[in-house]
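J.: Pasting coords05.cif below, which is mmCIF, C-alpha atoms.
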data_input
loop_
_atom_site.label_atom_id
_atom_site.label_comp_id
_atom_site.auth_asym_id
_atom_site.auth_seq_id
_atom_site.Cartn_x
_atom_site.Cartn_y
_atom_site.Cartn_z
CA MET T 1 85.70 23.60 -29.12
CA ASP T 2 84.24 26.00 -26.61
CA ILE T 3 80.49 26.33 -27.06
CA LEU T 4 80.56 30.14 -27.03
CA ASP T 5 83.27 30.14 -29.70
CA LEU T 6 81.11 27.80 -31.77
CA ILE T 7 78.00 29.95 -31.30
CA GLU T 8 79.90 33.12 -32.22
CA SER T 9 81.62 31.55 -35.23
CA ARG T 10 78.34 30.39 -36.83
CA ALA T 11 77.31 32.46 -39.85
CA SER T 12 74.72 32.23 -42.61
CA TYR T 13 76.56 30.74 -45.59
CA ARG T 14 75.12 31.43 -49.03
CA GLY T 15 78.14 30.42 -51.16
CA ALA T 16 78.91 27.28 -53.19
CA TYR T 17 79.53 23.90 -51.57
CA ALA T 18 82.24 21.30 -52.30
CA GLU T 19 81.10 17.96 -53.74
CA THR T 20 82.20 16.12 -50.58
CA PRO T 21 79.20 14.07 -49.42
CA VAL T 22 77.80 14.33 -45.88
CA PRO T 23 77.87 10.84 -44.33
CA ARG T 24 74.66 9.52 -42.77
CA GLU T 25 76.32 9.41 -39.38
CA HIS T 26 76.77 13.18 -39.54
CA LEU T 27 73.22 13.81 -40.76
CA ASP T 28 71.98 11.58 -37.93
CA ALA T 29 73.91 13.69 -35.40
CA ILE T 30 72.51 16.94 -36.83
CA LEU T 31 68.96 15.56 -36.68
CA ARG T 32 69.47 14.37 -33.11
CA ALA T 33 70.45 17.95 -32.22
CA GLY T 34 67.18 19.14 -33.76
CA CYS T 35 65.09 16.59 -31.89
CA ALA T 36 66.74 17.52 -28.58
CA ALA T 37 65.51 21.13 -28.67
CA PRO T 38 62.96 22.12 -26.05
CA SER T 39 59.33 22.57 -27.13
CA GLY T 40 56.38 24.27 -25.46
CA CYS T 41 54.81 21.73 -23.04
CA ASN T 42 57.04 19.10 -24.70
CA LYS T 43 54.65 18.88 -27.68
CA GLN T 44 57.58 18.16 -30.05
CA THR T 45 55.86 19.94 -32.92
CA THR T 46 58.92 19.79 -35.20
CA SER T 47 59.81 16.97 -37.62
CA PHE T 48 62.60 16.62 -40.15
CA ILE T 49 63.30 15.12 -43.56
CA ALA T 50 66.94 14.85 -44.65
CA VAL T 51 67.52 14.46 -48.37
CA ASP T 52 70.79 13.04 -49.68
CA GLU T 53 69.56 11.01 -52.64
CA PRO T 54 71.07 12.95 -55.60
CA ALA T 55 68.20 12.61 -58.10
CA LEU T 56 65.56 13.55 -55.52
CA LEU T 57 67.69 16.43 -54.24
CA ASP T 58 68.02 17.76 -57.80
CA GLU T 59 64.23 17.65 -58.19
CA LEU T 60 63.76 19.62 -54.97
CA LYS T 61 66.43 22.15 -55.93
CA ALA T 62 64.66 22.76 -59.24
CA ILE T 63 61.45 23.70 -57.38
CA VAL T 64 63.02 26.62 -55.48
CA MET T 65 63.55 29.73 -57.59
CA PRO T 66 65.70 31.75 -57.17
CA ARG T 67 67.85 28.77 -56.29
CA ILE T 68 69.29 28.22 -52.80
CA GLY T 69 71.87 25.78 -51.48
CA ASP T 70 72.15 24.64 -55.07
CA THR T 71 75.47 22.81 -54.79
CA ALA T 72 74.94 21.35 -51.31
CA PRO T 73 75.14 17.52 -51.17
CA ALA T 74 72.34 17.32 -48.60
CA TRP T 75 69.32 19.31 -47.45
CA ILE T 76 67.40 19.14 -44.23
CA LEU T 77 63.74 20.15 -44.51
CA VAL T 78 62.00 21.31 -41.35
CA LEU T 79 58.32 20.43 -40.84
CA THR T 80 56.02 21.89 -38.21
CA ARG T 81 52.53 21.23 -36.87
CA PRO T 82 50.61 23.87 -34.87
CA ILE T 83 49.79 21.49 -32.02
CA VAL T 84 48.07 23.25 -29.10
CA ALA T 85 50.34 23.35 -26.02
CA TYR T 86 47.52 24.33 -23.64
CA ARG T 87 44.18 26.18 -23.93
CA ASP T 88 44.69 28.27 -27.11
CA ARG T 89 48.47 28.63 -26.91
CA VAL T 90 50.63 27.31 -29.73
CA PHE T 91 54.43 27.51 -29.65
CA ASN T 92 55.39 25.71 -32.83
CA VAL T 93 57.36 28.64 -34.29
CA GLN T 94 59.43 28.83 -31.11
CA ASP T 95 59.86 25.04 -31.20
CA TYR T 96 61.17 24.78 -34.74
CA SER T 97 63.37 27.84 -34.34
CA ALA T 98 65.14 26.31 -31.33
CA ALA T 99 65.51 23.06 -33.28
CA ILE T 100 66.99 24.89 -36.28
CA GLU T 101 69.50 26.75 -34.10
CA ASN T 102 70.60 23.44 -32.52
CA MET T 103 71.08 21.94 -35.97
CA LEU T 104 73.04 24.96 -37.24
CA LEU T 105 75.40 24.59 -34.28
CA GLU T 106 75.90 20.86 -34.82
CA ILE T 107 76.39 21.45 -38.57
CA LYS T 108 79.13 23.96 -37.75
CA ALA T 109 80.69 21.67 -35.12
CA LEU T 110 81.03 18.92 -37.74
CA GLY T 111 82.85 21.24 -40.15
CA TYR T 112 79.94 22.05 -42.46
CA GLU T 113 78.12 25.26 -43.28
CA SER T 114 74.44 26.05 -43.76
CA CYS T 115 71.91 28.85 -43.91
CA TRP T 116 68.42 29.21 -42.41
CA TYR T 117 66.23 29.59 -45.52
CA GLU T 118 62.70 30.24 -44.30
CA GLY T 119 61.14 33.37 -45.84
CA HIS T 120 61.92 32.12 -49.34
CA VAL T 121 59.98 28.86 -48.90
CA THR T 122 57.05 30.21 -46.83
CA ASP T 123 56.20 33.07 -49.17
CA ASP T 124 52.98 33.49 -51.18
CA ASP T 125 54.21 31.23 -53.99
CA ASP T 126 54.27 28.35 -51.47
CA LEU T 127 57.52 26.73 -52.52
CA GLY T 128 57.51 24.93 -49.16
CA GLY T 129 54.17 23.37 -50.05
CA GLN T 130 55.55 22.20 -53.41
CA LEU T 131 58.59 20.65 -51.71
CA ALA T 132 56.33 19.00 -49.14
CA ARG T 133 54.04 17.46 -51.77
CA ARG T 134 57.04 16.02 -53.65
CA LEU T 135 58.14 14.38 -50.38
CA GLY T 136 54.69 12.98 -49.55
CA VAL T 137 54.23 15.18 -46.49
CA PRO T 138 50.63 15.10 -45.13
CA GLU T 139 48.57 18.31 -45.18
CA GLU T 140 48.73 18.82 -41.41
CA TYR T 141 52.46 19.51 -41.59
CA ARG T 142 53.92 22.74 -42.97
CA LEU T 143 57.40 22.78 -44.52
CA VAL T 144 58.96 25.98 -43.20
CA CYS T 145 62.70 25.80 -43.69
CA VAL T 146 65.47 24.44 -45.89
CA LEU T 147 68.91 23.92 -44.39
CA PRO T 148 71.54 23.01 -46.99
CA VAL T 149 74.45 21.04 -45.48
CA GLY T 150 77.92 20.72 -46.93
CA VAL T 151 81.57 21.67 -46.89
CA PRO T 152 81.95 25.29 -47.99
CA ALA T 153 83.85 25.94 -51.24
CA GLU T 154 84.15 29.68 -50.59
CA PRO T 155 85.17 31.83 -47.63
CA VAL T 156 82.52 32.24 -44.92
CA LYS T 157 81.62 35.87 -44.21
CA ARG T 158 80.10 37.00 -40.94
CA VAL T 159 77.55 39.81 -40.87
CA ARG T 160 78.10 42.88 -38.73
CA LYS T 161 76.10 42.98 -35.55
CA LEU T 162 74.96 45.94 -33.47
CA PRO T 163 77.23 46.84 -30.53
CA VAL T 164 76.30 44.79 -27.46
CA GLU T 165 75.39 47.95 -25.49
CA GLU T 166 72.48 48.56 -27.88
CA ARG T 167 70.94 45.16 -27.08
CA VAL T 168 72.07 44.10 -23.60
CA TRP T 169 71.50 45.81 -20.27
CA TYR T 170 71.69 45.04 -16.54
CA ASN T 171 68.98 45.72 -13.97
CA GLY T 172 66.91 48.04 -16.15
CA PHE T 173 66.33 49.07 -19.76
CA GLY T 174 69.26 50.98 -21.31
CA LYS T 175 71.49 50.52 -18.27
CA MET P 1 82.33 18.96 -23.86
CA ASP P 2 80.98 17.73 -27.15
CA ILE P 3 78.30 20.06 -28.50
CA LEU P 4 75.84 17.23 -29.21
CA ASP P 5 76.28 15.92 -25.65
CA LEU P 6 75.60 19.43 -24.38
CA ILE P 7 72.51 19.83 -26.57
CA GLU P 8 71.16 16.43 -25.49
CA SER P 9 71.87 17.00 -21.79
CA ARG P 10 69.96 20.32 -21.66
CA ALA P 11 66.63 20.05 -19.86
CA SER P 12 63.99 22.43 -18.54
CA TYR P 13 64.77 22.84 -14.84
CA ARG P 14 61.90 23.94 -12.58
CA GLY P 15 63.45 23.06 -9.19
CA ALA P 16 65.08 25.20 -6.50
CA TYR P 17 68.42 26.95 -7.01
CA ALA P 18 71.44 27.17 -4.70
CA GLU P 19 72.33 30.63 -3.31
CA THR P 20 75.62 30.66 -5.27
CA PRO P 21 75.67 33.92 -7.23
CA VAL P 22 76.24 34.00 -11.01
CA PRO P 23 79.28 36.19 -11.71
CA ARG P 24 78.91 38.99 -14.25
CA GLU P 25 81.50 37.35 -16.46
CA HIS P 26 79.20 34.34 -16.81
CA LEU P 27 76.11 36.46 -17.44
CA ASP P 28 78.09 38.38 -20.07
CA ALA P 29 78.99 35.11 -21.81
CA ILE P 30 75.35 33.94 -21.78
CA LEU P 31 74.19 37.26 -23.23
CA ARG P 32 76.89 37.13 -25.92
CA ALA P 33 75.50 33.73 -26.92
CA GLY P 34 72.05 35.31 -27.23
CA CYS P 35 73.32 38.20 -29.35
CA ALA P 36 75.17 35.81 -31.69
CA ALA P 37 71.99 34.02 -32.82
CA PRO P 38 70.96 34.53 -36.43
CA SER P 39 68.00 36.80 -37.18
CA GLY P 40 65.82 37.22 -40.26
CA CYS P 41 67.64 39.65 -42.62
CA ASN P 42 69.99 40.37 -39.69
CA LYS P 43 67.39 42.68 -38.10
CA GLN P 44 68.57 41.69 -34.60
CA THR P 45 65.08 42.08 -33.16
CA THR P 46 66.00 40.57 -29.77
CA SER P 47 67.33 42.46 -26.74
CA PHE P 48 68.11 41.34 -23.22
CA ILE P 49 68.01 42.59 -19.64
CA ALA P 50 69.90 40.59 -17.01
CA VAL P 51 68.85 41.17 -13.43
CA ASP P 52 71.20 40.27 -10.57
CA GLU P 53 70.48 43.10 -8.13
CA PRO P 54 68.78 41.24 -5.24
CA ALA P 55 66.16 43.85 -4.25
CA LEU P 56 65.10 44.44 -7.86
CA LEU P 57 65.04 40.71 -8.56
CA ASP P 58 62.76 40.17 -5.54
CA GLU P 59 60.38 42.83 -6.87
CA LEU P 60 60.23 41.11 -10.26
CA LYS P 61 59.74 37.69 -8.70
CA ALA P 62 56.79 39.02 -6.69
CA ILE P 63 55.07 40.12 -9.93
CA VAL P 64 54.93 36.61 -11.43
CA MET P 65 52.23 34.38 -9.92
CA PRO P 66 52.38 31.43 -9.68
CA ARG P 67 56.07 32.01 -8.97
CA ILE P 68 58.83 30.82 -11.29
CA GLY P 69 62.60 30.64 -10.84
CA ASP P 70 61.92 31.95 -7.37
CA THR P 71 65.24 31.03 -5.80
CA ALA P 72 67.45 31.79 -8.82
CA PRO P 73 70.17 34.41 -8.14
CA ALA P 74 69.77 35.94 -11.61
CA TRP P 75 67.14 36.28 -14.32
CA ILE P 76 67.52 37.09 -17.97
CA LEU P 77 64.51 38.82 -19.53
CA VAL P 78 64.11 38.56 -23.30
CA LEU P 79 62.71 41.53 -25.21
CA THR P 80 61.53 41.52 -28.82
CA ARG P 81 60.44 44.06 -31.41
CA PRO P 82 58.42 43.03 -34.50
CA ILE P 83 60.78 44.79 -36.93
CA VAL P 84 59.87 44.09 -40.58
CA ALA P 85 62.55 41.98 -42.28
CA TYR P 86 61.27 42.71 -45.81
CA ARG P 87 57.90 43.63 -47.36
CA ASP P 88 55.40 42.36 -44.74
CA ARG P 89 57.52 39.55 -43.31
CA VAL P 90 58.45 39.60 -39.64
CA PHE P 91 60.66 36.92 -38.04
CA ASN P 92 61.01 38.18 -34.50
CA VAL P 93 59.60 35.01 -32.89
CA GLN P 94 62.14 32.93 -34.79
CA ASP P 95 64.88 35.40 -33.83
CA TYR P 96 64.25 35.38 -30.09
CA SER P 97 63.73 31.61 -30.03
CA ALA P 98 67.16 30.99 -31.59
CA ALA P 99 68.66 33.47 -29.12
CA ILE P 100 66.99 31.72 -26.17
CA GLU P 101 68.26 28.31 -27.31
CA ASN P 102 71.81 29.69 -27.60
CA MET P 103 71.57 31.09 -24.08
CA LEU P 104 70.17 27.83 -22.66
CA LEU P 105 73.17 25.99 -24.13
CA GLU P 106 75.71 28.48 -22.75
CA ILE P 107 73.93 28.42 -19.36
CA LYS P 108 74.30 24.63 -19.31
CA ALA P 109 77.93 24.78 -20.51
CA LEU P 110 78.79 27.04 -17.56
CA GLY P 111 77.27 24.58 -15.06
CA TYR P 112 73.95 26.35 -14.46
CA GLU P 113 70.36 25.37 -15.15
CA SER P 114 67.41 27.32 -16.51
CA CYS P 115 63.95 26.99 -18.03
CA TRP P 116 62.29 28.77 -20.96
CA TYR P 117 59.31 30.51 -19.27
CA GLU P 118 57.30 32.13 -22.04
CA GLY P 119 53.60 31.18 -21.94
CA HIS P 120 53.34 32.22 -18.30
CA VAL P 121 54.53 35.80 -18.95
CA THR P 122 52.80 36.38 -22.31
CA ASP P 123 49.36 35.29 -21.18
CA ASP P 124 46.23 37.48 -20.92
CA ASP P 125 47.23 38.83 -17.49
CA ASP P 126 50.28 40.42 -19.16
CA LEU P 127 52.85 39.64 -16.49
CA GLY P 128 55.54 40.34 -19.11
CA GLY P 129 54.15 43.85 -19.52
CA GLN P 130 54.26 44.39 -15.75
CA LEU P 131 57.89 43.19 -15.60
CA ALA P 132 58.76 45.42 -18.57
CA ARG P 133 57.23 48.52 -16.99
CA ARG P 134 59.15 47.95 -13.75
CA LEU P 135 62.35 47.79 -15.82
CA GLY P 136 61.58 50.95 -17.83
CA VAL P 137 61.21 49.09 -21.11
CA PRO P 138 59.70 51.28 -23.89
CA GLU P 139 56.29 50.34 -25.35
CA GLU P 140 57.74 49.17 -28.68
CA TYR P 141 59.44 46.21 -26.99
CA ARG P 142 57.58 43.16 -25.72
CA LEU P 143 58.95 41.11 -22.84
CA VAL P 144 58.35 37.50 -23.89
CA CYS P 145 60.52 35.26 -21.76
CA VAL P 146 62.11 34.81 -18.34
CA LEU P 147 65.21 32.64 -18.03
CA PRO P 148 66.24 32.04 -14.42
CA VAL P 149 69.96 31.28 -14.09
CA GLY P 150 71.62 29.48 -11.22
CA VAL P 151 73.21 26.35 -9.80
CA PRO P 152 70.55 23.67 -9.31
CA ALA P 153 69.82 22.55 -5.76
CA GLU P 154 67.82 19.51 -6.87
CA PRO P 155 68.31 16.72 -9.41
CA VAL P 156 67.66 17.67 -13.03
CA LYS P 157 65.02 15.53 -14.72
CA ARG P 158 64.83 15.09 -18.48
CA VAL P 159 61.46 14.74 -20.21
CA ARG P 160 60.69 11.77 -22.40
CA LYS P 161 60.85 12.43 -26.10
CA LEU P 162 59.12 10.64 -28.95
CA PRO P 163 61.19 7.94 -30.69
CA VAL P 164 63.36 9.47 -33.42
CA GLU P 165 61.60 7.42 -36.11
CA GLU P 166 58.36 9.35 -35.42
CA ARG P 167 60.04 12.68 -36.19
CA VAL P 168 62.98 12.06 -38.55
CA TRP P 169 62.99 10.58 -42.05
CA TYR P 170 65.27 10.32 -45.07
CA ASN P 171 64.34 11.16 -48.66
CA GLY P 172 60.58 11.27 -48.10
CA PHE P 173 57.94 11.56 -45.38
CA GLY P 174 57.76 8.52 -43.08
CA LYS P 175 60.77 6.81 -44.68
#
How does this structure look as structure tokens?

T.:
Amino acid sequence: MDILDLIESRASYRGAYAETPVPREHLDAILRAGCAAPSGCNKQTTSFIAVDEPALLDELKAIVMPRIGDTAPAWILVLTRPIVAYRDRVFNVQDYSAAIENMLLEIKALGYESCWYEGHVTDDDDLGGQLARRLGVPEEYRLVCVLPVGVPAEPVKRVRKLPVEERVWYNGFGK
Amino acid sequence: MDILDLIESRASYRGAYAETPVPREHLDAILRAGCAAPSGCNKQTTSFIAVDEPALLDELKAIVMPRIGDTAPAWILVLTRPIVAYRDRVFNVQDYSAAIENMLLEIKALGYESCWYEGHVTDDDDLGGQLARRLGVPEEYRLVCVLPVGVPAEPVKRVRKLPVEERVWYNGFGK
């Protein structure tokens, strides 16, 4: 598949998932895509926990209310550390965002769907912290994102985007 | 090309570029990849200016010291606005980072190289602001990244990454 077609066909999927499991070999490939993302000064501030053990996954799902990715057979949890790149500059948000986008593309390429759930787990009620504690994550890491992974059981809808001419110009703003 | 191969072959290229121009059709494809990235609550906070007009590009290159992407025949400048996604939550760093990663992958897929130059233009000397003013960018946008685009004239080196087992686990931290 052409990479641009893949990039443009990716959408945030919030529907139900089929029961079809995601084999480890596919999860490994998705996680490799995450690890291969660039990071500021190569600090590799992003780490990952994949969860495919059904009882554990059910426990994690019960922590997040309102529920997300509730029928997905696997979740990938994204962890970040604010490691200094140089002087006082920290790029860990950029780092994990590039890693998440890589994983979303590899998820799509393998025939699965997902959705970037971040705001819901990093809000004041600290659901990300609760998930992290259940998984034994040390304090210096912050759990910032849940990516459900699975075969979609419902049609995938794409959101409408602004016309390109409102966001893209050549050789000057608005041109 | 397999998407995972593409993702894993991408590297930050800081060498010289060949004079070969980048056709508009390729720049358009790269910018489409940027626009197709997800954004928090679909706020589409990222915009783009591609520069391929030689005299203008030389002016921009002269602003950034020490010089970056100095021999590249085109630059893509990434603009962001901190638009509120909901309540007090803003995801514009995540949004532009996903867009940059998409563009880096499409750049690579088309046979070009690039490098994510962010810290250098968003530092205290505000080189990004100087570039933005030269391009007529309104105050509400911030110019956060330069992506040179071109055919590499030197070998591409990949950085060493940590072993996967230091960053990736299954069903619990460190497992």

J.: Could you jot down the atom CA of T:Ile100 to atom CA of P:Lys43 separation for me, Å, one decimal place?

T.: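 Separation of atom CA of T:Ile100 and atom CA of P:Lys43: 17.9 Å.
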
J.: Give me the chain T side of the contact with chain P, cut-off 7 Å, one line per residue showing its nearest atom pair and distance in Å at one decimal, counting only C-alpha atoms, sorted by chain and residue number, as a tab-separated table.

T.:
residue	atom	partner	partner_atom	distance
T:Ile3	CA	P:Glu106	CA	6.8
T:Leu4	CA	P:Ala33	CA	6.2
T:Ile7	CA	P:Ala33	CA	6.3
T:Glu8	CA	P:Ala36	CA	5.5
T:Ala33	CA	P:Leu4	CA	6.2
T:Ala36	CA	P:Glu8	CA	5.5
T:Ser47	CA	P:Arg167	CA	4.5
T:Phe48	CA	P:Val168	CA	4.8
T:Ile49	CA	P:Trp169	CA	4.8
T:Ala50	CA	P:Tyr170	CA	4.8
T:Val51	CA	P:Asn171	CA	4.6
T:Asp52	CA	P:Asn171	CA	6.8
T:Glu53	CA	P:Asn171	CA	6.6
T:Val93	CA	P:Gln94	CA	6.4
T:Gln94	CA	P:Ser97	CA	5.2
T:Ser97	CA	P:Gln94	CA	5.3
T:Ala98	CA	P:Ala98	CA	5.1
T:Glu101	CA	P:Ala98	CA	5.5
T:Glu106	CA	P:Leu4	CA	6.7
T:Leu135	CA	P:Gly172	CA	4.6
T:Gly136	CA	P:Phe173	CA	5.5
T:Val137	CA	P:Phe173	CA	5.3
T:Arg167	CA	P:Ser47	CA	4.5
T:Val168	CA	P:Phe48	CA	4.8
T:Trp169	CA	P:Ile49	CA	4.8
T:Tyr170	CA	P:Ala50	CA	4.8
T:Asn171	CA	P:Val51	CA	4.6
T:Gly172	CA	P:Leu135	CA	4.6
T:Phe173	CA	P:Val137	CA	5.3

J.: Between atom CA of P:Pro148 and atom CA of P:Pro82, what distance in Å does the model show, to one decimal?

T.: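 Rounded to one decimal, the two atoms are 24.2 Å apart.
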
J.: How many Å separate atom CA of P:Gly129 from atom CA of P:Thr80?

T.: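 Distance between the two atoms: 12.1 Å.
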
J.: Which of these, P:Asp70, P:Glu25, P:Glu113, P:Tyr141, has the shortest distance to P:Ile83 once you count all atoms listed in the file?

T.: P:Tyr141

J.: Could you write out as a PyMOL selection string the residues that the PyMOL selection byres ((chain P and resi 66) around 12) matches in the shown file?

T.: chain P and resi 61-65+67-70+117+120-121+125+127
